[in-house]
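*Asks:* Structure file protein.pdb (PDB, C-alpha atoms) right here:
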```pdb
ATOM      1  CA  MET E   1      40.942 -16.588  40.509
ATOM      2  CA  GLY E   2      44.289 -15.448  39.183
ATOM      3  CA  GLU E   3      44.844 -11.983  37.765
ATOM      4  CA  ASP E   4      45.588 -13.293  34.272
ATOM      5  CA  SER E   5      42.891 -15.914  34.147
ATOM      6  CA  ALA E   6      40.567 -15.756  31.074
ATOM      7  CA  VAL E   7      37.732 -17.437  32.965
ATOM      8  CA  MET E   8      35.189 -15.175  34.697
ATOM      9  CA  ALA E   9      33.656 -15.957  38.008
ATOM     10  CA  PRO E  10      30.084 -17.327  37.707
ATOM     11  CA  GLU E  11      28.709 -14.227  39.489
ATOM     12  CA  ALA E  12      30.405 -11.953  36.941
ATOM     13  CA  CYS E  13      29.042 -14.049  34.043
ATOM     14  CA  ARG E  14      25.517 -13.725  35.407
ATOM     15  CA  GLY E  15      25.991  -9.981  35.817
ATOM     16  CA  GLN E  16      27.251  -9.576  32.293
ATOM     17  CA  ALA E  17      24.387 -11.658  30.878
ATOM     18  CA  LEU E  18      21.913  -9.508  32.780
ATOM     19  CA  VAL E  19      23.384  -6.291  31.418
ATOM     20  CA  GLU E  20      23.455  -7.663  27.866
ATOM     21  CA  PHE E  21      19.837  -8.810  28.201
ATOM     22  CA  ALA E  22      18.842  -5.337  29.453
ATOM     23  CA  LEU E  23      20.499  -3.816  26.402
ATOM     24  CA  VAL E  24      19.145  -6.245  23.841
ATOM     25  CA  ALA E  25      15.594  -6.768  25.135
ATOM     26  CA  PRO E  26      14.249  -3.274  24.291
ATOM     27  CA  LEU E  27      15.797  -3.514  20.846
ATOM     28  CA  PHE E  28      14.315  -6.947  20.341
ATOM     29  CA  PHE E  29      10.822  -5.840  21.383
ATOM     30  CA  PHE E  30      11.119  -2.727  19.232
ATOM     31  CA  LEU E  31      11.912  -4.885  16.218
ATOM     32  CA  LEU E  32       9.072  -7.263  17.059
ATOM     33  CA  PHE E  33       6.525  -4.420  17.383
ATOM     34  CA  PHE E  34       7.913  -2.810  14.266
ATOM     35  CA  ALA E  35       7.458  -6.000  12.241
ATOM     36  CA  VAL E  36       3.922  -6.554  13.554
ATOM     37  CA  THR E  37       2.940  -2.919  12.901
ATOM     38  CA  ALA E  38       4.393  -2.964   9.393
ATOM     39  CA  GLY E  39       2.611  -6.241   8.660
ATOM     40  CA  PHE E  40      -0.748  -4.892   9.861
ATOM     41  CA  TYR E  41      -0.266  -1.703   7.871
ATOM     42  CA  ALA E  42       0.512  -3.678   4.715
ATOM     43  CA  LEU E  43      -2.679  -5.660   5.243
ATOM     44  CA  GLU E  44      -4.741  -2.509   5.771
ATOM     45  CA  ARG E  45      -3.249  -0.858   2.710
ATOM     46  CA  ALA E  46      -3.947  -3.916   0.552
ATOM     47  CA  SER E  47      -7.540  -3.887   1.827
ATOM     48  CA  ALA E  48      -7.823  -0.190   0.956
ATOM     49  CA  VAL E  49      -6.499  -0.766  -2.569
ATOM     50  CA  ASN E  50      -8.993  -3.616  -3.016
ATOM     51  CA  ALA E  51     -11.825  -1.418  -1.752
ATOM     52  CA  THR E  52     -10.927   1.482  -4.067
ATOM     53  CA  THR E  53     -10.718  -0.890  -7.029
ATOM     54  CA  ALA E  54     -14.056  -2.529  -6.240
ATOM     55  CA  GLY E  55     -15.617   0.903  -5.706
ATOM     56  CA  ALA E  56     -14.155   2.236  -8.963
ATOM     57  CA  ARG E  57     -15.645  -0.638 -10.951
ATOM     58  CA  ILE E  58     -19.066   0.167  -9.538
ATOM     59  CA  ALA E  59     -18.595   3.916  -9.973
ATOM     60  CA  ALA E  60     -17.765   3.425 -13.649
ATOM     61  CA  GLY E  61     -21.312   2.158 -14.267
ATOM     62  CA  ALA E  62     -24.392   4.291 -14.434
ATOM     63  CA  GLN E  63     -26.922   4.976 -11.713
ATOM     64  CA  GLN E  64     -30.176   3.022 -11.914
ATOM     65  CA  SER E  65     -32.168   6.224 -11.750
ATOM     66  CA  ASP E  66     -30.001   8.317 -14.078
ATOM     67  CA  LEU E  67     -28.096   6.570 -16.858
ATOM     68  CA  ASN E  68     -26.079   9.710 -17.588
ATOM     69  CA  ARG E  69     -24.359   9.772 -14.206
ATOM     70  CA  PRO E  70     -21.780   7.437 -12.642
ATOM     71  CA  ALA E  71     -22.865   5.402  -9.626
ATOM     72  CA  LEU E  72     -20.790   7.248  -7.034
ATOM     73  CA  ALA E  73     -23.021   6.601  -4.011
ATOM     74  CA  GLN E  74     -23.115   2.867  -4.715
ATOM     75  CA  ALA E  75     -19.315   2.900  -5.129
ATOM     76  CA  ARG E  76     -18.866   4.530  -1.720
ATOM     77  CA  GLY E  77     -21.268   2.029  -0.169
ATOM     78  CA  GLU E  78     -19.340  -0.957  -1.476
ATOM     79  CA  ALA E  79     -15.960   0.471  -0.458
ATOM     80  CA  VAL E  80     -17.303   1.201   3.040
ATOM     81  CA  ARG E  81     -18.684  -2.330   3.334
ATOM     82  CA  LEU E  82     -15.337  -3.866   2.332
ATOM     83  CA  LEU E  83     -13.323  -1.627   4.638
ATOM     84  CA  ARG E  84     -15.536  -2.246   7.667
ATOM     85  CA  SER E  85     -14.978  -5.963   7.373
ATOM     86  CA  ALA E  86     -11.223  -5.516   6.859
ATOM     87  CA  MET E  87     -10.548  -2.876   9.531
ATOM     88  CA  PRO E  88     -12.202  -3.722  12.833
ATOM     89  CA  GLY E  89     -12.002  -0.841  15.284
ATOM     90  CA  THR E  90     -11.782   1.779  12.561
ATOM     91  CA  ARG E  91     -14.662   4.175  11.916
ATOM     92  CA  VAL E  92     -15.318   4.166   8.162
ATOM     93  CA  SER E  93     -17.215   7.247   6.985
ATOM     94  CA  THR E  94     -18.099   9.093   3.835
ATOM     95  CA  PRO E  95     -18.083  12.884   3.325
ATOM     96  CA  ALA E  96     -21.883  12.725   3.358
ATOM     97  CA  ASP E  97     -21.632  11.789   7.054
ATOM     98  CA  ILE E  98     -19.915  15.112   7.805
ATOM     99  CA  GLY E  99     -21.879  17.123   5.300
ATOM    100  CA  GLY E 100     -19.704  17.572   2.246
ATOM    101  CA  ARG E 101     -16.139  17.545   1.055
ATOM    102  CA  CYS E 102     -13.533  14.893   1.676
ATOM    103  CA  PRO E 103     -11.423  16.148   4.597
ATOM    104  CA  ALA E 104      -7.656  16.565   4.370
ATOM    105  CA  LEU E 105      -5.575  13.834   5.951
ATOM    106  CA  GLU E 106      -4.439  16.113   8.789
ATOM    107  CA  GLN E 107      -8.035  16.871   9.776
ATOM    108  CA  ILE E 108      -9.038  13.227  10.138
ATOM    109  CA  PRO E 109      -8.878  11.895  13.715
ATOM    110  CA  ASP E 110      -7.214   8.639  14.708
ATOM    111  CA  ALA E 111      -9.041   5.386  13.970
ATOM    112  CA  THR E 112     -11.115   7.069  11.241
ATOM    113  CA  VAL E 113     -11.034   6.522   7.505
ATOM    114  CA  PHE E 114     -13.027   8.326   4.819
ATOM    115  CA  VAL E 115     -14.205   6.937   1.488
ATOM    116  CA  CYS E 116     -14.540   9.730  -1.060
ATOM    117  CA  THR E 117     -15.564   9.849  -4.689
ATOM    118  CA  SER E 118     -14.884  12.537  -7.255
ATOM    119  CA  THR E 119     -14.798  13.122 -11.009
ATOM    120  CA  PRO E 120     -11.333  14.486 -11.906
ATOM    121  CA  THR E 121     -12.387  14.807 -15.559
ATOM    122  CA  ALA E 122     -15.692  14.536 -17.418
ATOM    123  CA  ASP E 123     -14.937  10.907 -18.319
ATOM    124  CA  THR E 124     -13.187   9.596 -15.217
ATOM    125  CA  VAL E 125     -14.226   8.857 -11.661
ATOM    126  CA  ARG E 126     -12.009   8.419  -8.649
ATOM    127  CA  VAL E 127     -12.619   6.463  -5.462
ATOM    128  CA  GLU E 128     -10.265   7.560  -2.695
ATOM    129  CA  ILE E 129      -9.587   6.212   0.778
ATOM    130  CA  VAL E 130      -7.893   8.552   3.202
ATOM    131  CA  GLY E 131      -7.420   8.475   6.961
ATOM    132  CA  HIS E 132      -5.753   6.857   9.935
ATOM    133  CA  PRO E 133      -6.790   3.247  10.536
ATOM    134  CA  ALA E 134      -6.949   1.971  14.124
ATOM    135  CA  SER E 135      -3.773   0.376  15.350
ATOM    136  CA  PHE E 136      -2.731  -0.672  18.839
ATOM    137  CA  LEU E 137       0.892   0.009  18.058
ATOM    138  CA  SER E 138       0.827   3.297  16.173
ATOM    139  CA  SER E 139      -0.813   6.602  16.870
ATOM    140  CA  ARG E 140      -0.117  10.190  15.996
ATOM    141  CA  ALA E 141       0.103  11.003  19.711
ATOM    142  CA  GLY E 142       2.946   8.502  19.999
ATOM    143  CA  GLY E 143       4.724  10.071  17.041
ATOM    144  CA  LEU E 144       4.239   7.031  14.832
ATOM    145  CA  SER E 145       1.536   7.615  12.271
ATOM    146  CA  LEU E 146       0.778   5.246   9.429
ATOM    147  CA  PRO E 147      -1.895   6.976   7.350
ATOM    148  CA  LEU E 148      -3.751   5.594   4.363
ATOM    149  CA  ASP E 149      -4.098   7.701   1.234
ATOM    150  CA  THR E 150      -4.817   5.738  -1.917
ATOM    151  CA  TYR E 151      -7.207   5.898  -4.830
ATOM    152  CA  ALA E 152      -8.321   4.139  -7.987
ATOM    153  CA  GLU E 153      -9.320   6.045 -11.060
ATOM    154  CA  VAL E 154     -11.402   4.596 -13.857
ATOM    155  CA  HIS E 155     -12.821   5.739 -17.154
ATOM    156  CA  THR E 156     -16.604   5.729 -16.947
ATOM    157  CA  ALA E 157     -18.774   3.336 -18.855
ATOM    158  CA  VAL E 158     -21.790   5.606 -18.710
ATOM    159  CA  PHE E 159     -23.906   5.390 -21.823
ATOM    160  CA  LYS E 160     -24.707   8.999 -22.682
ATOM    161  CA  ARG E 161     -28.239   9.681 -23.816
TER     162      ARG E 161
ATOM    163  CA  MET Q   1      45.338  -3.509  28.241
ATOM    164  CA  THR Q   2      43.200  -3.951  31.347
ATOM    165  CA  ARG Q   3      40.247  -6.320  31.338
ATOM    166  CA  GLY Q   4      37.759  -3.401  31.645
ATOM    167  CA  ALA Q   5      39.137  -1.618  28.600
ATOM    168  CA  SER Q   6      39.166  -4.875  26.642
ATOM    169  CA  THR Q   7      35.508  -5.537  27.466
ATOM    170  CA  ARG Q   8      34.497  -2.011  26.443
ATOM    171  CA  ALA Q   9      36.361  -2.372  23.148
ATOM    172  CA  GLN Q  10      34.693  -5.685  22.508
ATOM    173  CA  ALA Q  11      31.278  -4.167  23.222
ATOM    174  CA  ALA Q  12      31.986  -1.305  20.828
ATOM    175  CA  VAL Q  13      33.031  -3.703  18.084
ATOM    176  CA  GLU Q  14      29.946  -5.845  18.654
ATOM    177  CA  MET Q  15      27.728  -2.752  18.516
ATOM    178  CA  ALA Q  16      29.413  -1.571  15.304
ATOM    179  CA  MET Q  17      28.673  -4.933  13.743
ATOM    180  CA  VAL Q  18      25.134  -5.368  15.008
ATOM    181  CA  VAL Q  19      23.645  -1.902  14.420
ATOM    182  CA  PRO Q  20      24.184  -1.829  10.617
ATOM    183  CA  LEU Q  21      22.865  -5.373  10.452
ATOM    184  CA  MET Q  22      19.722  -4.379  12.384
ATOM    185  CA  LEU Q  23      19.153  -1.359  10.158
ATOM    186  CA  ALA Q  24      19.653  -3.507   7.060
ATOM    187  CA  ILE Q  25      17.073  -5.977   8.386
ATOM    188  CA  ILE Q  26      14.552  -3.195   9.121
ATOM    189  CA  PHE Q  27      14.973  -1.473   5.766
ATOM    190  CA  GLY Q  28      15.101  -4.798   3.973
ATOM    191  CA  PHE Q  29      11.839  -5.866   5.586
ATOM    192  CA  LEU Q  30      10.177  -2.551   4.684
ATOM    193  CA  GLY Q  31      11.447  -2.857   1.122
ATOM    194  CA  LEU Q  32      10.026  -6.346   0.839
ATOM    195  CA  LEU Q  33       6.641  -5.074   2.016
ATOM    196  CA  LEU Q  34       6.778  -2.226  -0.505
ATOM    197  CA  TRP Q  35       7.670  -4.719  -3.241
ATOM    198  CA  VAL Q  36       4.664  -6.921  -2.440
ATOM    199  CA  GLU Q  37       2.356  -3.899  -2.146
ATOM    200  CA  THR Q  38       3.552  -2.447  -5.446
ATOM    201  CA  ALA Q  39       3.043  -5.738  -7.259
ATOM    202  CA  HIS Q  40      -0.483  -5.779  -5.829
ATOM    203  CA  ASP Q  41      -1.086  -2.163  -6.902
ATOM    204  CA  LEU Q  42       0.111  -2.916 -10.437
ATOM    205  CA  ARG Q  43      -2.177  -5.966 -10.647
ATOM    206  CA  ALA Q  44      -5.140  -3.936  -9.357
ATOM    207  CA  ALA Q  45      -4.617  -1.118 -11.879
ATOM    208  CA  THR Q  46      -4.194  -3.621 -14.726
ATOM    209  CA  ALA Q  47      -7.348  -5.500 -13.705
ATOM    210  CA  LEU Q  48      -9.296  -2.253 -13.507
ATOM    211  CA  ALA Q  49      -8.079  -1.292 -16.999
ATOM    212  CA  SER Q  50      -9.075  -4.665 -18.413
ATOM    213  CA  ALA Q  51     -12.542  -4.290 -16.871
ATOM    214  CA  THR Q  52     -12.797  -0.912 -18.604
ATOM    215  CA  ALA Q  53     -11.567  -2.352 -21.896
ATOM    216  CA  ALA Q  54     -14.222  -5.063 -21.731
ATOM    217  CA  THR Q  55     -16.932  -2.429 -22.125
ATOM    218  CA  PHE Q  56     -15.712  -1.874 -25.701
ATOM    219  CA  ARG Q  57     -16.267  -4.241 -28.592
ATOM    220  CA  ASP Q  58     -12.825  -3.941 -30.147
ATOM    221  CA  ASP Q  59      -9.440  -2.210 -30.148
ATOM    222  CA  THR Q  60     -10.812   1.214 -30.978
ATOM    223  CA  PRO Q  61      -9.114   4.537 -30.195
ATOM    224  CA  ALA Q  62     -11.861   5.204 -27.652
ATOM    225  CA  SER Q  63     -11.087   1.902 -25.962
ATOM    226  CA  GLY Q  64      -7.389   2.732 -25.902
ATOM    227  CA  THR Q  65      -8.111   6.099 -24.289
ATOM    228  CA  ALA Q  66     -10.349   4.575 -21.634
ATOM    229  CA  GLU Q  67      -7.838   1.835 -20.781
ATOM    230  CA  ALA Q  68      -4.979   4.331 -20.538
ATOM    231  CA  ASP Q  69      -7.057   6.785 -18.477
ATOM    232  CA  THR Q  70      -7.828   4.028 -16.014
ATOM    233  CA  PHE Q  71      -4.381   2.454 -15.770
ATOM    234  CA  PHE Q  72      -2.249   5.589 -15.709
ATOM    235  CA  GLY Q  73      -4.820   7.511 -13.666
ATOM    236  CA  THR Q  74      -4.518   4.891 -10.932
ATOM    237  CA  MET Q  75      -0.741   4.384 -11.148
ATOM    238  CA  ARG Q  76       0.026   8.119 -11.175
ATOM    239  CA  GLN Q  77      -0.134   8.294  -7.360
ATOM    240  CA  TYR Q  78       2.894   6.016  -6.925
ATOM    241  CA  GLY Q  79       5.896   8.258  -7.520
ATOM    242  CA  TYR Q  80       8.298   5.402  -6.847
ATOM    243  CA  VAL Q  81       6.923   3.229  -9.673
ATOM    244  CA  GLU Q  82       8.151   3.690 -13.225
ATOM    245  CA  VAL Q  83       5.742   2.178 -15.745
ATOM    246  CA  HIS Q  84       7.425   0.721 -18.832
ATOM    247  CA  SER Q  85       4.574  -0.689 -20.828
ATOM    248  CA  PHE Q  86       0.835  -1.074 -20.801
ATOM    249  CA  ALA Q  87      -1.364  -2.531 -23.526
ATOM    250  CA  CYS Q  88      -4.706  -4.277 -23.926
ATOM    251  CA  ARG Q  89      -5.560  -6.745 -26.675
ATOM    252  CA  HIS Q  90      -9.072  -7.679 -27.773
ATOM    253  CA  ALA Q  91      -9.614 -11.170 -29.150
ATOM    254  CA  GLY Q  92     -13.315 -11.663 -29.599
ATOM    255  CA  ALA Q  93     -14.976 -11.204 -26.244
ATOM    256  CA  ARG Q  94     -11.714 -11.744 -24.386
ATOM    257  CA  VAL Q  95      -9.621  -8.746 -23.406
ATOM    258  CA  THR Q  96      -6.103  -9.223 -22.059
ATOM    259  CA  CYS Q  97      -4.228  -6.316 -20.523
ATOM    260  CA  SER Q  98      -0.525  -6.485 -19.654
ATOM    261  CA  SER Q  99       1.724  -4.041 -17.891
ATOM    262  CA  SER Q 100       5.282  -3.864 -16.655
ATOM    263  CA  ALA Q 101       6.951  -1.478 -14.258
ATOM    264  CA  THR Q 102      10.027  -0.965 -12.117
ATOM    265  CA  LEU Q 103       9.897  -0.299  -8.407
ATOM    266  CA  ARG Q 104      12.405   2.538  -8.024
ATOM    267  CA  PHE Q 105      13.907   1.994  -4.602
ATOM    268  CA  ASP Q 106      16.401   4.700  -5.496
ATOM    269  CA  ARG Q 107      13.561   7.222  -5.135
ATOM    270  CA  THR Q 108      12.969   6.121  -1.539
ATOM    271  CA  PRO Q 109      15.112   5.976   1.622
ATOM    272  CA  LEU Q 110      14.986   2.183   1.324
ATOM    273  CA  ALA Q 111      17.728   2.350  -1.319
ATOM    274  CA  VAL Q 112      20.274   1.868   1.486
ATOM    275  CA  ALA Q 113      19.163  -1.764   1.794
ATOM    276  CA  TRP Q 114      17.949  -2.317  -1.767
ATOM    277  CA  PRO Q 115      20.666  -1.426  -4.281
ATOM    278  CA  THR Q 116      18.656  -2.798  -7.224
ATOM    279  CA  ASN Q 117      15.288  -1.724  -8.605
ATOM    280  CA  PRO Q 118      13.083  -4.791  -9.126
ATOM    281  CA  ARG Q 119      11.019  -5.096 -12.278
ATOM    282  CA  MET Q 120       7.507  -6.522 -12.153
ATOM    283  CA  SER Q 121       4.687  -7.292 -14.534
ATOM    284  CA  ALA Q 122       0.970  -7.990 -14.368
ATOM    285  CA  ASP Q 123      -1.700  -9.484 -16.587
ATOM    286  CA  ALA Q 124      -5.471  -9.342 -16.347
ATOM    287  CA  VAL Q 125      -8.221 -10.883 -18.425
ATOM    288  CA  SER Q 126     -11.817  -9.726 -18.778
ATOM    289  CA  TYR Q 127     -14.676 -10.854 -20.946
ATOM    290  CA  SER Q 128     -17.044  -8.424 -22.566
ATOM    291  CA  SER Q 129     -20.743  -9.021 -22.727
ATOM    292  CA  ALA Q 130     -22.837  -8.343 -25.820
ATOM    293  CA  PHE Q 131     -25.331  -6.651 -23.522
ATOM    294  CA  ARG Q 132     -22.823  -4.279 -21.985
ATOM    295  CA  THR Q 133     -20.512  -3.004 -24.687
ATOM    296  CA  ARG Q 134     -20.397   0.170 -26.698
TER     297      ARG Q 134
END
```
Now that the file is in, can you turn its structure into structure tokens?
*Replies:*
Amino acid sequence: MGEDSAVMAPEACRGQALVEFALVAPLFFFLLFFAVTAGFYALERASAVNATTAGARIAAGAQQSDLNRPALAQARGEAVRLLRSAMPGTRVSTPADIGGRCPALEQIPDATVFVCTSTPTADTVRVEIVGHPASFLSSRAGGLSLPLDTYAEVHTAVFKR
Amino acid sequence: MTRGASTRAQAAVEMAMVVPLMLAIIFGFLGLLLWVETAHDLRAATALASATAATFRDDTPASGTAEADTFFGTMRQYGYVEVHSFACRHAGARVTCSSSATLRFDRTPLAVAWPTNPRMSADAVSYSSAFRTR
């Protein structure tokens, strides 16, 4: 091959292709994993919003046993049921399971989500979902954490007696 | 210029072209997800407000308070959403709630790929029952 030839030798072409592949492949797989992770997270978040909304609608009604109080326990139960079917591999709990208050996001371990209810004002109830859903591509140990923290708030429809 | 220097320059130019494109794709994809999620959140809050409104017989001040408590109480958590309007209308047993909002990308890092702030709206209909109104 001449010194000023623009054509590379086949061996050199193969070498260059190999180097380019080695450079591009990690980037390509990163983008692929990123897209899959973001897609899964969007799905989990949409499921959480649906669960909070469904729970809030139940919470707005009165308890069967006490018509002066919102149905918070039933709301948690429905939200837990919806989340368990939407998030396989994630432990869905309520504060009652750990004996009280809704834990802060930082205190919740991986692959665990809590469904909490509260009454921010005398006339409103809130159903909140907070935690770290299970994901095979993201974990706090790996430095990539995609937590859930969403709620729905609704004015009660409790008929005061 | 030697062939080695030329190849390195070409690689640098290619990198300078590809990296911004990759970042734009990543941020663009994230922005699209946020757009879809926000539209879903707005629909959910509007539907919840219409369900609340359906527990009232008419457009009373108490109904207006309950609808607003529900809608704004739920939307308050999204700092990147600017709500423009929200209203519910009773027509017999049928209650229609409508809302509109802007997704403010300029309040997020995604503004680098999304120079405009998309506007979105939602509607929800509920029917009240004579046995469950106040």
*Asks:* What's the separation between atom CA of E:Asp110 and atom CA of Q:Arg107, in Å to one decimal place?
*Replies:*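 Taking atom CA of E:Asp110 and atom CA of Q:Arg107, their separation equals 28.8 Å.
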*Asks:* Would you compute the distance between atom CA of E:Gly15 and atom CA of Q:Arg8? Give it in Å to one decimal.
*Replies:*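 These atoms are spaced 15.0 Å apart.
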*Asks:* Suppose a student applies the PyMOL selection byres ((chain E and resi 79-86) around 9) to this structure; what residues should they get, written as a short mmCIF file (atom, residue, chain, number, x, y, z; two decimals) with C-alpha atoms, in the coordinates of the input?
*Replies:*
```cif
data_model
loop_
_atom_site.label_atom_id
_atom_site.label_comp_id
_atom_site.auth_asym_id
_atom_site.auth_seq_id
_atom_site.Cartn_x
_atom_site.Cartn_y
_atom_site.Cartn_z
CA LEU E 43 -2.68 -5.66 5.24
CA GLU E 44 -4.74 -2.51 5.77
CA SER E 47 -7.54 -3.89 1.83
CA ALA E 48 -7.82 -0.19 0.96
CA ASN E 50 -8.99 -3.62 -3.02
CA ALA E 51 -11.82 -1.42 -1.75
CA THR E 52 -10.93 1.48 -4.07
CA THR E 53 -10.72 -0.89 -7.03
CA ALA E 54 -14.06 -2.53 -6.24
CA GLY E 55 -15.62 0.90 -5.71
CA ALA E 56 -14.16 2.24 -8.96
CA GLN E 74 -23.12 2.87 -4.72
CA ALA E 75 -19.32 2.90 -5.13
CA ARG E 76 -18.87 4.53 -1.72
CA GLY E 77 -21.27 2.03 -0.17
CA GLU E 78 -19.34 -0.96 -1.48
CA MET E 87 -10.55 -2.88 9.53
CA PRO E 88 -12.20 -3.72 12.83
CA GLY E 89 -12.00 -0.84 15.28
CA THR E 90 -11.78 1.78 12.56
CA ARG E 91 -14.66 4.18 11.92
CA VAL E 92 -15.32 4.17 8.16
CA SER E 93 -17.22 7.25 6.98
CA THR E 94 -18.10 9.09 3.84
CA VAL E 113 -11.03 6.52 7.50
CA PHE E 114 -13.03 8.33 4.82
CA VAL E 115 -14.20 6.94 1.49
CA VAL E 127 -12.62 6.46 -5.46
CA ILE E 129 -9.59 6.21 0.78
#
```
*Asks:* Please identify every residue of chain Q that has at least one atom no more than 9 Å from any atom of chain E, counting all atoms listed in the file, and report them as a PDB file with C-alpha atoms, in the frame of the given file.
*Replies:*
```
ATOM      1  CA  MET Q  22      19.722  -4.379  12.384  1.00  0.00           C
ATOM      2  CA  ILE Q  26      14.552  -3.195   9.121  1.00  0.00           C
ATOM      3  CA  PHE Q  29      11.839  -5.866   5.586  1.00  0.00           C
ATOM      4  CA  LEU Q  30      10.177  -2.551   4.684  1.00  0.00           C
ATOM      5  CA  LEU Q  33       6.641  -5.074   2.016  1.00  0.00           C
ATOM      6  CA  LEU Q  34       6.778  -2.226  -0.505  1.00  0.00           C
ATOM      7  CA  VAL Q  36       4.664  -6.921  -2.440  1.00  0.00           C
ATOM      8  CA  GLU Q  37       2.356  -3.899  -2.146  1.00  0.00           C
ATOM      9  CA  HIS Q  40      -0.483  -5.779  -5.829  1.00  0.00           C
ATOM     10  CA  ASP Q  41      -1.086  -2.163  -6.902  1.00  0.00           C
ATOM     11  CA  ALA Q  44      -5.140  -3.936  -9.357  1.00  0.00           C
ATOM     12  CA  ALA Q  45      -4.617  -1.118 -11.879  1.00  0.00           C
ATOM     13  CA  ALA Q  47      -7.348  -5.500 -13.705  1.00  0.00           C
ATOM     14  CA  LEU Q  48      -9.296  -2.253 -13.507  1.00  0.00           C
ATOM     15  CA  ALA Q  49      -8.079  -1.292 -16.999  1.00  0.00           C
ATOM     16  CA  ALA Q  51     -12.542  -4.290 -16.871  1.00  0.00           C
ATOM     17  CA  THR Q  52     -12.797  -0.912 -18.604  1.00  0.00           C
ATOM     18  CA  THR Q  55     -16.932  -2.429 -22.125  1.00  0.00           C
ATOM     19  CA  THR Q  65      -8.111   6.099 -24.289  1.00  0.00           C
ATOM     20  CA  ALA Q  66     -10.349   4.575 -21.634  1.00  0.00           C
ATOM     21  CA  GLU Q  67      -7.838   1.835 -20.781  1.00  0.00           C
ATOM     22  CA  ALA Q  68      -4.979   4.331 -20.538  1.00  0.00           C
ATOM     23  CA  ASP Q  69      -7.057   6.785 -18.477  1.00  0.00           C
ATOM     24  CA  THR Q  70      -7.828   4.028 -16.014  1.00  0.00           C
ATOM     25  CA  PHE Q  71      -4.381   2.454 -15.770  1.00  0.00           C
ATOM     26  CA  PHE Q  72      -2.249   5.589 -15.709  1.00  0.00           C
ATOM     27  CA  GLY Q  73      -4.820   7.511 -13.666  1.00  0.00           C
ATOM     28  CA  THR Q  74      -4.518   4.891 -10.932  1.00  0.00           C
ATOM     29  CA  MET Q  75      -0.741   4.384 -11.148  1.00  0.00           C
ATOM     30  CA  GLN Q  77      -0.134   8.294  -7.360  1.00  0.00           C
ATOM     31  CA  THR Q 133     -20.512  -3.004 -24.687  1.00  0.00           C
ATOM     32  CA  ARG Q 134     -20.397   0.170 -26.698  1.00  0.00           C
TER      33      ARG Q 134
END
```
*Asks:* Using only C-alpha atoms for the distances, tell me which of Q:Asp123, Q:Glu82, Q:Asp58, Q:Glu14 is nearest to Q:Thr96.
*Replies:*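 That would be Q:Asp123, the residue with the smallest distance to Q:Thr96.
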*Asks:* Box along x, y and z, 5 Å on every side, all listed atoms of stretch 100-112 of chain Q inside: centre and edge lengths in Å to one decimal, as JSON.
*Replies:*
```
{"center_x": 12.8, "center_y": 1.7, "center_z": -7.5, "size_x": 25.0, "size_y": 21.1, "size_z": 28.3}
```
*Asks:* To one decimal place in Å, what is the distance between atom CA of Q:Leu42 and atom CA of E:Thr112?
*Replies:*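 Atom-to-atom, atom CA of Q:Leu42 to atom CA of E:Thr112, that is 26.4 Å.
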*Asks:* Could you list the residues chosen by the PyMOL selection byres ((chain Q and resi 104) around 9) in this structure as a ChimeraX atom specification?
*Replies:* /Q:79-82,102-103,105-108,111,116-119
*Asks:* Can you work out which one of Q:His84, Q:Arg43, Q:Arg76, Q:Arg57 has the shortest atom-to-atom distance to Q:Ala101, counting only C-alpha atoms?
*Replies:*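 Closest to Q:Ala101, using only C-alpha atoms: Q:His84.
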*Asks:* So that I can see what lies close to Q:Ala93, please list as a PyMOL selection string the residues with an atom at most 9 Å from it, counting all atoms listed in the file and leaving out residues fewer than 3 positions away in the same chain.
*Replies:* chain Q and resi 54+57-58+90+126-130
*Asks:* Export stretch 7-32 of chain Q from the structure block above, keeping C-alpha atoms, as a JSON list (two decimals), in the first residue's frame.
*Replies:*
```json
[["chain", "number", "residue", "atom", "x", "y", "z"],
["Q", 7, "THR", "CA", -7.85, 10.10, 12.58],
["Q", 8, "ARG", "CA", -7.69, 11.59, 16.08],
["Q", 9, "ALA", "CA", -9.19, 14.85, 14.82],
["Q", 10, "GLN", "CA", -11.95, 12.97, 13.08],
["Q", 11, "ALA", "CA", -12.70, 11.01, 16.25],
["Q", 12, "ALA", "CA", -12.85, 14.23, 18.27],
["Q", 13, "VAL", "CA", -15.24, 15.80, 15.79],
["Q", 14, "GLU", "CA", -17.43, 12.70, 15.78],
["Q", 15, "MET", "CA", -17.47, 12.67, 19.59],
["Q", 16, "ALA", "CA", -18.37, 16.38, 19.70],
["Q", 17, "MET", "CA", -21.30, 15.68, 17.41],
["Q", 18, "VAL", "CA", -22.53, 12.49, 19.04],
["Q", 19, "VAL", "CA", -22.34, 13.37, 22.75],
["Q", 20, "PRO", "CA", -24.76, 16.35, 22.62],
["Q", 21, "LEU", "CA", -27.08, 14.26, 20.48],
["Q", 22, "MET", "CA", -27.01, 11.42, 23.03],
["Q", 23, "LEU", "CA", -27.68, 13.81, 25.90],
["Q", 24, "ALA", "CA", -30.53, 15.40, 23.95],
["Q", 25, "ILE", "CA", -32.03, 11.95, 23.36],
["Q", 26, "ILE", "CA", -31.74, 11.01, 27.06],
["Q", 27, "PHE", "CA", -33.22, 14.27, 28.34],
["Q", 28, "GLY", "CA", -35.82, 14.27, 25.59],
["Q", 29, "PHE", "CA", -36.90, 10.76, 26.53],
["Q", 30, "LEU", "CA", -37.10, 11.69, 30.23],
["Q", 31, "GLY", "CA", -39.10, 14.79, 29.36],
["Q", 32, "LEU", "CA", -41.53, 12.75, 27.33]]
```
